[in-house]
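Text of entry22.txt (compact mmCIF, C-alpha atoms) as supplied:
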```txt
# COMPACT_ATOMS: atom_id res chain seq x y z
CA MET A 1 17.25 -48.81 -1.67
CA ASP A 2 17.23 -48.11 2.07
CA GLU A 3 13.73 -49.24 3.05
CA ALA A 4 13.90 -47.65 6.51
CA LYS A 5 14.87 -44.33 4.98
CA LEU A 6 12.00 -44.63 2.49
CA MET A 7 9.50 -45.32 5.26
CA ASP A 8 10.80 -42.37 7.25
CA PHE A 9 10.29 -40.13 4.23
CA MET A 10 6.81 -41.51 3.58
CA GLY A 11 5.93 -40.70 7.18
CA LYS A 12 7.20 -37.18 6.70
CA ILE A 13 5.32 -36.51 3.47
CA VAL A 14 2.06 -37.95 4.84
CA THR A 15 2.47 -35.68 7.87
CA ASP A 16 3.01 -32.70 5.57
CA MET A 17 0.01 -33.63 3.42
CA GLY A 18 -2.10 -33.84 6.55
CA GLY A 19 -0.87 -30.40 7.56
CA ALA A 20 -1.70 -28.98 4.14
CA ALA A 21 -5.21 -30.45 4.29
CA LEU A 22 -5.67 -29.16 7.80
CA MET A 23 -4.83 -25.61 6.72
CA ALA A 24 -7.92 -25.70 4.50
CA ASN A 25 -9.89 -26.60 7.62
CA VAL A 26 -8.25 -23.73 9.51
CA MET A 27 -9.43 -21.35 6.77
CA LEU A 28 -12.97 -22.67 7.28
CA GLY A 29 -12.72 -22.23 11.02
CA ASP A 30 -11.50 -18.68 10.63
CA GLU A 31 -14.00 -17.56 7.98
CA LEU A 32 -17.01 -19.23 9.59
CA GLY A 33 -16.17 -17.95 13.08
CA LEU A 34 -15.83 -21.46 14.51
CA TYR A 35 -12.72 -20.71 16.56
CA ARG A 36 -14.24 -17.48 17.85
CA ALA A 37 -17.35 -19.38 18.91
CA MET A 38 -15.14 -21.74 20.92
CA ALA A 39 -12.84 -19.08 22.37
CA ASP A 40 -14.63 -19.15 25.74
CA ASN A 41 -12.83 -22.45 26.51
CA GLN A 42 -16.15 -24.23 27.16
CA PRO A 43 -16.80 -27.77 25.86
CA VAL A 44 -19.14 -27.94 22.86
CA SER A 45 -20.71 -30.65 20.78
CA ALA A 46 -21.15 -30.40 17.03
CA GLU A 47 -24.83 -29.70 17.66
CA ARG A 48 -24.10 -26.87 20.08
CA LEU A 49 -21.50 -25.36 17.77
CA ALA A 50 -24.04 -25.51 14.94
CA GLU A 51 -26.49 -23.54 17.09
CA LYS A 52 -23.84 -20.92 17.85
CA THR A 53 -22.61 -20.49 14.29
CA GLY A 54 -25.50 -21.47 12.01
CA CYS A 55 -23.35 -24.09 10.26
CA HIS A 56 -24.24 -27.65 9.25
CA LYS A 57 -23.83 -29.93 12.27
CA ARG A 58 -22.62 -33.00 10.34
CA LEU A 59 -19.90 -31.02 8.60
CA LEU A 60 -18.99 -29.44 11.92
CA ARG A 61 -18.59 -32.92 13.43
CA GLU A 62 -16.07 -33.80 10.73
CA TRP A 63 -14.30 -30.46 11.14
CA LEU A 64 -14.08 -30.94 14.91
CA ASN A 65 -12.74 -34.46 14.42
CA ALA A 66 -9.99 -33.16 12.14
CA GLN A 67 -9.07 -30.39 14.56
CA ALA A 68 -8.91 -32.82 17.48
CA ALA A 69 -6.85 -35.35 15.52
CA ALA A 70 -4.34 -32.60 14.81
CA GLY A 71 -4.22 -31.41 18.40
CA TYR A 72 -5.64 -28.01 17.56
CA ILE A 73 -8.59 -28.62 19.90
CA GLU A 74 -9.06 -31.17 22.67
CA LEU A 75 -11.57 -34.01 23.01
CA THR A 76 -13.16 -34.33 26.45
CA GLU A 77 -13.98 -37.62 28.18
CA GLY A 78 -17.63 -36.89 27.45
CA GLY A 79 -17.01 -36.61 23.70
CA GLU A 80 -17.23 -32.84 23.45
CA PHE A 81 -14.59 -30.46 22.13
CA VAL A 82 -12.62 -27.64 23.75
CA LEU A 83 -10.44 -24.93 22.24
CA PRO A 84 -7.69 -24.35 24.85
CA PRO A 85 -6.77 -20.71 25.57
CA GLU A 86 -3.31 -21.17 24.07
CA GLN A 87 -4.72 -22.33 20.75
CA ALA A 88 -7.35 -19.59 20.90
CA MET A 89 -4.56 -17.01 20.98
CA ALA A 90 -3.35 -18.28 17.60
CA LEU A 91 -6.67 -19.12 16.00
CA ALA A 92 -9.41 -16.90 17.46
CA VAL A 93 -8.02 -13.72 19.00
CA GLU A 94 -7.25 -11.41 16.09
CA ASP A 95 -5.36 -8.85 18.20
CA SER A 96 -3.15 -11.52 19.75
CA PRO A 97 0.58 -11.25 18.99
CA VAL A 98 0.53 -14.85 17.76
CA PHE A 99 -2.71 -14.79 15.73
CA ILE A 100 -1.97 -16.69 12.55
CA ALA A 101 -5.26 -18.12 11.26
CA GLY A 102 -5.85 -15.14 8.97
CA GLY A 103 -2.60 -15.82 7.15
CA THR A 104 -3.82 -19.17 5.86
CA SER A 105 -5.45 -17.32 2.96
CA VAL A 106 -1.94 -16.80 1.65
CA LEU A 107 -1.62 -20.58 1.38
CA ALA A 108 -4.90 -20.72 -0.52
CA ALA A 109 -3.53 -18.22 -3.02
CA MET A 110 -0.49 -20.42 -3.60
CA TYR A 111 -2.75 -23.31 -4.60
CA LEU A 112 -5.23 -21.23 -6.55
CA GLY A 113 -2.38 -19.66 -8.52
CA LYS A 114 -0.82 -23.01 -9.43
CA ASP A 115 -1.59 -22.91 -13.16
CA LYS A 116 -0.18 -19.40 -13.49
CA LEU A 117 2.95 -20.45 -11.64
CA VAL A 118 3.40 -23.49 -13.88
CA ALA A 119 3.30 -21.14 -16.87
CA ALA A 120 5.81 -18.81 -15.19
CA MET A 121 8.21 -21.66 -14.45
CA ARG A 122 8.03 -22.78 -18.07
CA GLY A 123 8.41 -19.19 -19.23
CA ASN A 124 10.36 -16.17 -18.00
CA GLY A 125 9.64 -16.82 -14.30
CA GLY A 126 7.47 -13.74 -13.85
CA LEU A 127 4.11 -13.71 -12.11
CA PRO A 128 3.03 -10.26 -10.86
CA TRP A 129 1.52 -9.83 -7.43
CA SER A 130 -1.47 -8.20 -9.12
CA ASP A 131 -2.20 -11.40 -11.07
CA GLN A 132 -2.50 -13.55 -7.94
CA HIS A 133 -5.85 -14.60 -6.47
CA PRO A 134 -7.50 -11.80 -4.44
CA CYS A 135 -7.37 -13.88 -1.25
CA LEU A 136 -3.61 -13.26 -1.21
CA PHE A 137 -3.96 -9.56 -0.49
CA ARG A 138 -6.28 -9.90 2.50
CA GLY A 139 -4.30 -12.90 3.77
CA THR A 140 -1.04 -10.97 3.62
CA GLU A 141 -2.58 -8.11 5.60
CA ARG A 142 -3.87 -10.45 8.28
CA PHE A 143 -0.64 -12.46 8.45
CA PHE A 144 1.60 -9.44 9.08
CA ARG A 145 -0.74 -7.16 11.03
CA PRO A 146 -0.35 -8.91 14.44
CA GLY A 147 3.42 -8.51 14.21
CA TYR A 148 3.12 -4.84 13.37
CA ARG A 149 0.61 -4.19 16.13
CA ASN A 150 2.71 -5.93 18.75
CA HIS A 151 6.26 -5.02 17.70
CA LEU A 152 6.38 -1.91 15.51
CA VAL A 153 5.65 0.78 18.10
CA ALA A 154 6.80 -1.13 21.19
CA GLU A 155 10.10 -2.51 19.87
CA TRP A 156 11.09 -1.74 16.29
CA LEU A 157 10.83 2.05 16.27
CA PRO A 158 12.52 2.46 19.69
CA ALA A 159 15.44 0.40 18.32
CA LEU A 160 16.14 3.19 15.79
CA GLU A 161 18.27 6.14 16.86
CA GLY A 162 16.16 9.20 17.69
CA VAL A 163 13.21 8.25 15.49
CA VAL A 164 10.50 8.02 18.15
CA GLY A 165 11.19 11.58 19.32
CA LYS A 166 10.81 12.89 15.78
CA LEU A 167 7.55 10.99 15.29
CA GLU A 168 6.15 12.35 18.54
CA ALA A 169 7.13 15.92 17.62
CA GLY A 170 5.88 15.67 14.03
CA ALA A 171 7.72 13.89 11.22
CA LYS A 172 7.20 13.11 7.55
CA VAL A 173 7.06 9.38 6.88
CA ALA A 174 6.79 7.20 3.75
CA ASP A 175 5.48 3.62 3.88
CA VAL A 176 6.66 1.96 0.66
CA GLY A 177 4.79 -1.13 -0.55
CA CYS A 178 2.10 -0.46 2.04
CA GLY A 179 -0.43 -3.00 0.74
CA HIS A 180 -3.72 -2.62 2.60
CA GLY A 181 -2.16 -0.03 4.89
CA ALA A 182 -1.99 -1.97 8.17
CA SER A 183 1.38 -0.47 9.09
CA SER A 184 0.48 3.02 7.82
CA VAL A 185 -2.75 3.17 9.81
CA LEU A 186 -1.03 1.95 12.97
CA LEU A 187 1.65 4.63 12.66
CA ALA A 188 -0.91 7.36 12.02
CA GLU A 189 -2.95 6.26 15.04
CA THR A 190 0.10 6.29 17.29
CA TYR A 191 1.74 9.53 16.18
CA PRO A 192 -0.97 12.14 15.47
CA LYS A 193 1.50 15.01 14.98
CA SER A 194 3.27 13.26 12.08
CA ARG A 195 2.19 12.92 8.46
CA PHE A 196 2.26 9.61 6.65
CA TYR A 197 2.34 8.74 2.94
CA GLY A 198 1.69 5.17 1.83
CA SER A 199 2.40 3.89 -1.68
CA ASP A 200 1.96 0.61 -3.51
CA TYR A 201 2.06 -0.43 -7.15
CA HIS A 202 -1.12 -2.51 -6.71
CA ALA A 203 -4.06 -0.16 -7.29
CA ALA A 204 -6.67 -2.39 -5.63
CA SER A 205 -4.60 -2.51 -2.44
CA ILE A 206 -4.34 1.28 -2.40
CA ASN A 207 -8.13 1.53 -2.65
CA THR A 208 -8.45 -0.80 0.36
CA ALA A 209 -5.81 1.16 2.26
CA LYS A 210 -7.81 4.36 1.78
CA GLN A 211 -10.86 2.61 3.23
CA ARG A 212 -8.83 1.39 6.21
CA ALA A 213 -7.59 4.95 6.89
CA ALA A 214 -11.13 6.34 6.72
CA GLU A 215 -12.45 3.64 9.05
CA ALA A 216 -9.67 4.40 11.54
CA GLY A 217 -10.33 8.14 11.39
CA VAL A 218 -6.76 9.05 10.39
CA GLY A 219 -7.41 10.40 6.90
CA ASP A 220 -6.33 13.87 7.98
CA ARG A 221 -2.74 12.73 8.45
CA LEU A 222 -2.45 9.69 6.19
CA SER A 223 -2.68 9.61 2.40
CA PHE A 224 -2.05 6.89 -0.16
CA GLU A 225 -0.63 6.92 -3.66
CA HIS A 226 -0.70 4.37 -6.46
CA ALA A 227 3.02 4.28 -7.31
CA ASN A 228 5.91 1.85 -7.39
CA ALA A 229 8.94 1.90 -5.10
CA LYS A 230 10.93 4.08 -7.49
CA SER A 231 8.28 6.66 -8.37
CA TYR A 232 6.35 7.66 -5.24
CA ALA A 233 6.21 11.39 -4.69
CA GLY A 234 7.77 13.46 -1.93
CA ARG A 235 11.13 14.53 -0.58
CA ASP A 236 12.68 15.33 2.78
CA PHE A 237 11.23 12.35 4.60
CA ASP A 238 12.35 11.81 8.18
CA LEU A 239 11.60 8.10 7.93
CA ILE A 240 11.03 5.75 5.01
CA CYS A 241 9.69 2.28 5.79
CA PHE A 242 9.84 -0.97 3.85
CA PHE A 243 7.70 -3.55 5.65
CA ASP A 244 8.21 -7.08 4.32
CA CYS A 245 8.30 -5.89 0.72
CA LEU A 246 11.85 -5.11 -0.43
CA HIS A 247 12.62 -8.70 -1.42
CA ASP A 248 9.49 -8.73 -3.62
CA LEU A 249 10.74 -5.87 -5.78
CA GLY A 250 12.33 -6.35 -9.17
CA ASP A 251 14.85 -3.58 -8.50
CA PRO A 252 15.45 -3.30 -4.74
CA VAL A 253 18.67 -1.35 -5.35
CA GLY A 254 16.73 1.18 -7.41
CA ALA A 255 14.10 1.39 -4.66
CA ALA A 256 16.81 1.99 -2.06
CA LYS A 257 18.36 4.68 -4.30
CA HIS A 258 15.00 6.42 -4.57
CA ALA A 259 14.71 6.29 -0.79
CA HIS A 260 18.23 7.73 -0.47
CA GLN A 261 17.22 10.69 -2.66
CA ALA A 262 13.89 11.21 -0.86
CA LEU A 263 15.34 11.04 2.64
CA LYS A 264 16.49 13.98 4.73
CA ASN A 265 20.21 13.99 5.46
CA ASP A 266 19.52 13.01 9.05
CA GLY A 267 16.63 10.69 8.15
CA ALA A 268 16.46 6.92 8.50
CA VAL A 269 15.16 3.91 6.62
CA LEU A 270 13.34 1.21 8.57
CA LEU A 271 13.68 -2.11 6.74
CA VAL A 272 11.68 -5.10 7.98
CA GLU A 273 12.35 -8.38 6.20
CA PRO A 274 11.62 -12.07 6.82
CA TYR A 275 13.99 -13.64 9.31
CA ALA A 276 16.84 -15.43 7.55
CA LYS A 277 20.46 -16.36 8.00
CA ASP A 278 22.98 -15.84 5.21
CA THR A 279 23.44 -19.47 4.11
CA LEU A 280 20.97 -22.07 2.88
CA ARG A 281 21.76 -24.67 5.54
CA GLU A 282 21.29 -22.13 8.31
CA ASN A 283 17.71 -21.66 7.07
CA PHE A 284 16.80 -25.35 7.31
CA ASN A 285 14.21 -24.74 10.02
CA PRO A 286 10.40 -24.36 10.19
CA VAL A 287 10.47 -20.62 9.48
CA GLY A 288 12.90 -21.02 6.59
CA ARG A 289 10.83 -23.83 5.11
CA LEU A 290 7.70 -21.68 5.21
CA TYR A 291 9.38 -18.64 3.68
CA TYR A 292 11.22 -20.53 0.93
CA ALA A 293 7.97 -22.23 -0.10
CA ALA A 294 6.02 -18.97 -0.13
CA SER A 295 8.84 -17.24 -1.98
CA THR A 296 8.74 -19.86 -4.72
CA CYS A 297 5.07 -19.16 -5.42
CA LEU A 298 4.76 -15.46 -4.59
CA CYS A 299 7.78 -13.30 -3.84
CA THR A 300 10.36 -14.41 -6.39
CA PRO A 301 7.94 -14.62 -9.36
CA ASN A 302 6.77 -11.09 -8.56
CA SER A 303 10.33 -9.81 -8.61
CA LEU A 304 11.02 -11.60 -11.90
CA SER A 305 7.96 -9.95 -13.43
CA GLN A 306 9.46 -6.48 -12.94
CA GLU A 307 12.39 -4.62 -14.46
CA VAL A 308 15.84 -5.85 -13.36
CA GLY A 309 14.29 -8.92 -11.68
CA LEU A 310 16.95 -9.25 -8.99
CA ALA A 311 14.87 -11.92 -7.24
CA LEU A 312 16.28 -11.62 -3.74
CA GLY A 313 13.72 -14.09 -2.41
CA ALA A 314 12.12 -14.13 1.03
CA GLN A 315 15.27 -15.59 2.61
CA ALA A 316 17.70 -12.94 1.40
CA GLY A 317 19.58 -12.65 4.69
CA GLU A 318 21.45 -9.73 6.22
CA ALA A 319 24.53 -9.80 3.98
CA ARG A 320 22.56 -9.50 0.72
CA LEU A 321 20.30 -6.81 2.14
CA ARG A 322 23.34 -4.86 3.30
CA ARG A 323 24.77 -5.01 -0.22
CA VAL A 324 21.52 -3.63 -1.64
CA PHE A 325 21.72 -0.56 0.58
CA ASN A 326 25.45 -0.11 0.16
CA ASP A 327 25.02 -0.22 -3.62
CA ALA A 328 22.28 2.40 -3.27
CA GLY A 329 24.66 4.80 -1.51
CA PHE A 330 23.83 4.26 2.14
CA LYS A 331 26.88 4.43 4.41
CA HIS A 332 25.33 3.02 7.56
CA PHE A 333 23.36 -0.20 7.81
CA ARG A 334 22.79 -2.15 11.00
CA ARG A 335 20.50 -4.77 12.47
CA ALA A 336 18.41 -2.90 15.00
CA THR A 337 16.39 -5.81 16.42
CA GLU A 338 14.64 -9.03 15.42
CA THR A 339 11.75 -11.39 16.10
CA PRO A 340 11.41 -15.10 15.26
CA PHE A 341 9.76 -14.03 11.97
CA ASN A 342 11.53 -10.75 11.11
CA LEU A 343 14.86 -8.99 10.83
CA VAL A 344 14.68 -5.25 11.46
CA PHE A 345 17.34 -2.94 10.03
CA GLU A 346 18.20 0.75 10.16
CA ALA A 347 19.87 2.44 7.18
CA ARG A 348 21.24 5.98 7.06
CA LYS A 349 23.13 8.15 4.57
```

Rewrite the coordinates I just gave you, this time as structure tokens.
Amino acid sequence: MDEAKLMDFMGKIVTDMGGAALMANVMLGDELGLYRAMADNQPVSAERLAEKTGCHKRLLREWLNAQAAAGYIELTEGGEFVLPPEQAMALAVEDSPVFIAGGTSVLAAMYLGKDKLVAAMRGNGGLPWSDQHPCLFRGTERFFRPGYRNHLVAEWLPALEGVVGKLEAGAKVADVGCGHGASSVLLAETYPKSRFYGSDYHAASINTAKQRAAEAGVGDRLSFEHANAKSYAGRDFDLICFFDCLHDLGDPVGAAKHAHQALKNDGAVLLVEPYAKDTLRENFNPVGRLYYAASTCLCTPNSLSQEVGLALGAQAGEARLRRVFNDAGFKHFRRATETPFNLVFEARK
């Protein structure tokens, strides 16, 4: 037994347990509006924060202590607390490109679904997305939406050959696995001459997506369908999008084949997937750790619950994704661009 190595590991696991406990506190701060109440960068006491938010001042004191101990907020010399503008970008400003607090609900779903996952691991491995706790669906929307809002129109679409011009002139676009419709609504808002068709196998998400479209006033050019990735209606699409969903599918090759059939000859597929290298060791980093852990609880069980059950996982990497599209009949597949969290690919016939 190497005692020094043991102590190093104990330090690591206690740090990780502290981080896991803190994420529950981040969820509280997000849902109760605590970060938003502190986003003005002004020092507050627990009593003042209680006045601003209507929350219990003693519990707020403990919450503030935890946030300060973690370095999420700062403690002033006078014993008050400040949310620095940098942390506010991640925790309070929902339209910020780095807003991440909303995604902590995904972590809650992983814990709340523990018993179901235990049964899946002792059984056939399958746990459908639709059987997860409802907080997963809203958390997923809020986790990915900042990336879409800050990268999709400004960077990802311009990285595809000739696609922006078609969208501006009027194109037909499918958003496969659209969830709550964050990407679909953004596209419809940006390109009013085009027509957009979102689909998802999860009926409750489609109902929410329809509400989002109505609230955004884009219902005249955006419609949603309850259908899986191999059965959505329509042909002659100029663009078919898969936003962070292909690896969740039981039969991604079948989904890519359906896209190949539904695409115009000069059309394109936009594939956005979690950032990953092609080997396990290359993914030993903070992003890889997060995605492997989430994939264990969410993505891979969902794939195993469906026909074929290919189980790509959230760290599939470019080589495996290329094989999926080659096997589906696509002749051209290239990495168009990337972010620290995503790989963005273009596929063509």

- Task: Around the point (-0.2, -8.3, 12.9) in the file's coordinates, collect all residues with an atom within 10 Å, using all atoms listed in the file, and return them as a PyMOL selection string.
- Result: chain A and resi 94-100+102-103+140-152+182-183

Nearby residues (only C-alpha atoms) at most 12 Å from A:Gly19, same-chain spacing under 6 positions excluded, as an mmCIF file with C-alpha atoms, in the frame of the given file:
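After the write, around_19.cif holds the following:
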```
data_model
loop_
_atom_site.group_PDB
_atom_site.id
_atom_site.type_symbol
_atom_site.label_atom_id
_atom_site.label_comp_id
_atom_site.auth_asym_id
_atom_site.auth_seq_id
_atom_site.Cartn_x
_atom_site.Cartn_y
_atom_site.Cartn_z
ATOM 1 C CA LYS A 12 7.200 -37.180 6.700
ATOM 2 C CA ILE A 13 5.320 -36.510 3.470
ATOM 3 C CA ASN A 25 -9.890 -26.600 7.620
ATOM 4 C CA VAL A 26 -8.250 -23.730 9.510
ATOM 5 C CA ALA A 66 -9.990 -33.160 12.140
ATOM 6 C CA GLN A 67 -9.070 -30.390 14.560
ATOM 7 C CA ALA A 69 -6.850 -35.350 15.520
ATOM 8 C CA ALA A 70 -4.340 -32.600 14.810
ATOM 9 C CA GLY A 71 -4.220 -31.410 18.400
ATOM 10 C CA TYR A 72 -5.640 -28.010 17.560
ATOM 11 C CA THR A 104 -3.820 -19.170 5.860
ATOM 12 C CA LEU A 107 -1.620 -20.580 1.380
#
```

Please tabulate, as a Markdown table, the residues of stretch 160-238 of chain A that come within 10 Å of stretch 265-278 of chain A, each with its closest pair of atoms and the distance in Å to one decimal, counting all atoms listed in the file and ordering rows by chain, then residue number upward.
```
| residue | atom | partner | partner_atom | distance |
| --- | --- | --- | --- | --- |
| A:Leu160 | CA | A:Leu270 | CA | 8.0 |
| A:Glu161 | CA | A:Ala268 | CA | 8.6 |
| A:Gly162 | CA | A:Ala268 | CA | 9.5 |
| A:Val163 | CA | A:Ala268 | CA | 7.8 |
| A:Lys166 | CA | A:Gly267 | CA | 9.8 |
| A:Ala171 | CA | A:Gly267 | CA | 10.0 |
| A:Lys172 | CA | A:Gly267 | CA | 9.8 |
| A:Val173 | CA | A:Gly267 | CA | 9.7 |
| A:Ala174 | CA | A:Val269 | CA | 9.4 |
| A:Asp175 | CA | A:Leu270 | CA | 9.5 |
| A:Asp236 | CA | A:Asn265 | CA | 8.1 |
| A:Phe237 | CA | A:Gly267 | CA | 6.7 |
| A:Asp238 | CA | A:Gly267 | CA | 4.4 |
```

- Message: Env of stretch 185-191 of chain A: 10 Å cut, atoms = all atoms listed in the file, seq-sep filter 3 positions within chain, self excluded. Answer as an MDAnalysis selection string.
- Response: chainID A and resid 145 148:149 152:153 164 166:171 173 175 178 180:182 194:198 209:210 212:223

Just want the 12 Å neighbourhood of A:Ala108, counted on all atoms listed in the file, with same-chain residues fewer than 2 positions away dropped. Output as a compact mmCIF listing (two decimals) with C-alpha atoms, in the coordinates of the input.
```txt
# COMPACT_ATOMS: atom_id res chain seq x y z
CA ALA A 20 -1.70 -28.98 4.14
CA ALA A 21 -5.21 -30.45 4.29
CA LEU A 22 -5.67 -29.16 7.80
CA MET A 23 -4.83 -25.61 6.72
CA ALA A 24 -7.92 -25.70 4.50
CA ASN A 25 -9.89 -26.60 7.62
CA VAL A 26 -8.25 -23.73 9.51
CA MET A 27 -9.43 -21.35 6.77
CA LEU A 28 -12.97 -22.67 7.28
CA GLY A 102 -5.85 -15.14 8.97
CA GLY A 103 -2.60 -15.82 7.15
CA THR A 104 -3.82 -19.17 5.86
CA SER A 105 -5.45 -17.32 2.96
CA VAL A 106 -1.94 -16.80 1.65
CA MET A 110 -0.49 -20.42 -3.60
CA TYR A 111 -2.75 -23.31 -4.60
CA LEU A 112 -5.23 -21.23 -6.55
CA GLY A 113 -2.38 -19.66 -8.52
CA LYS A 114 -0.82 -23.01 -9.43
CA GLN A 132 -2.50 -13.55 -7.94
CA HIS A 133 -5.85 -14.60 -6.47
CA PRO A 134 -7.50 -11.80 -4.44
CA CYS A 135 -7.37 -13.88 -1.25
CA LEU A 136 -3.61 -13.26 -1.21
CA PHE A 137 -3.96 -9.56 -0.49
CA ARG A 138 -6.28 -9.90 2.50
CA GLY A 139 -4.30 -12.90 3.77
CA THR A 140 -1.04 -10.97 3.62
CA ALA A 294 6.02 -18.97 -0.13
CA CYS A 297 5.07 -19.16 -5.42
CA LEU A 298 4.76 -15.46 -4.59
```
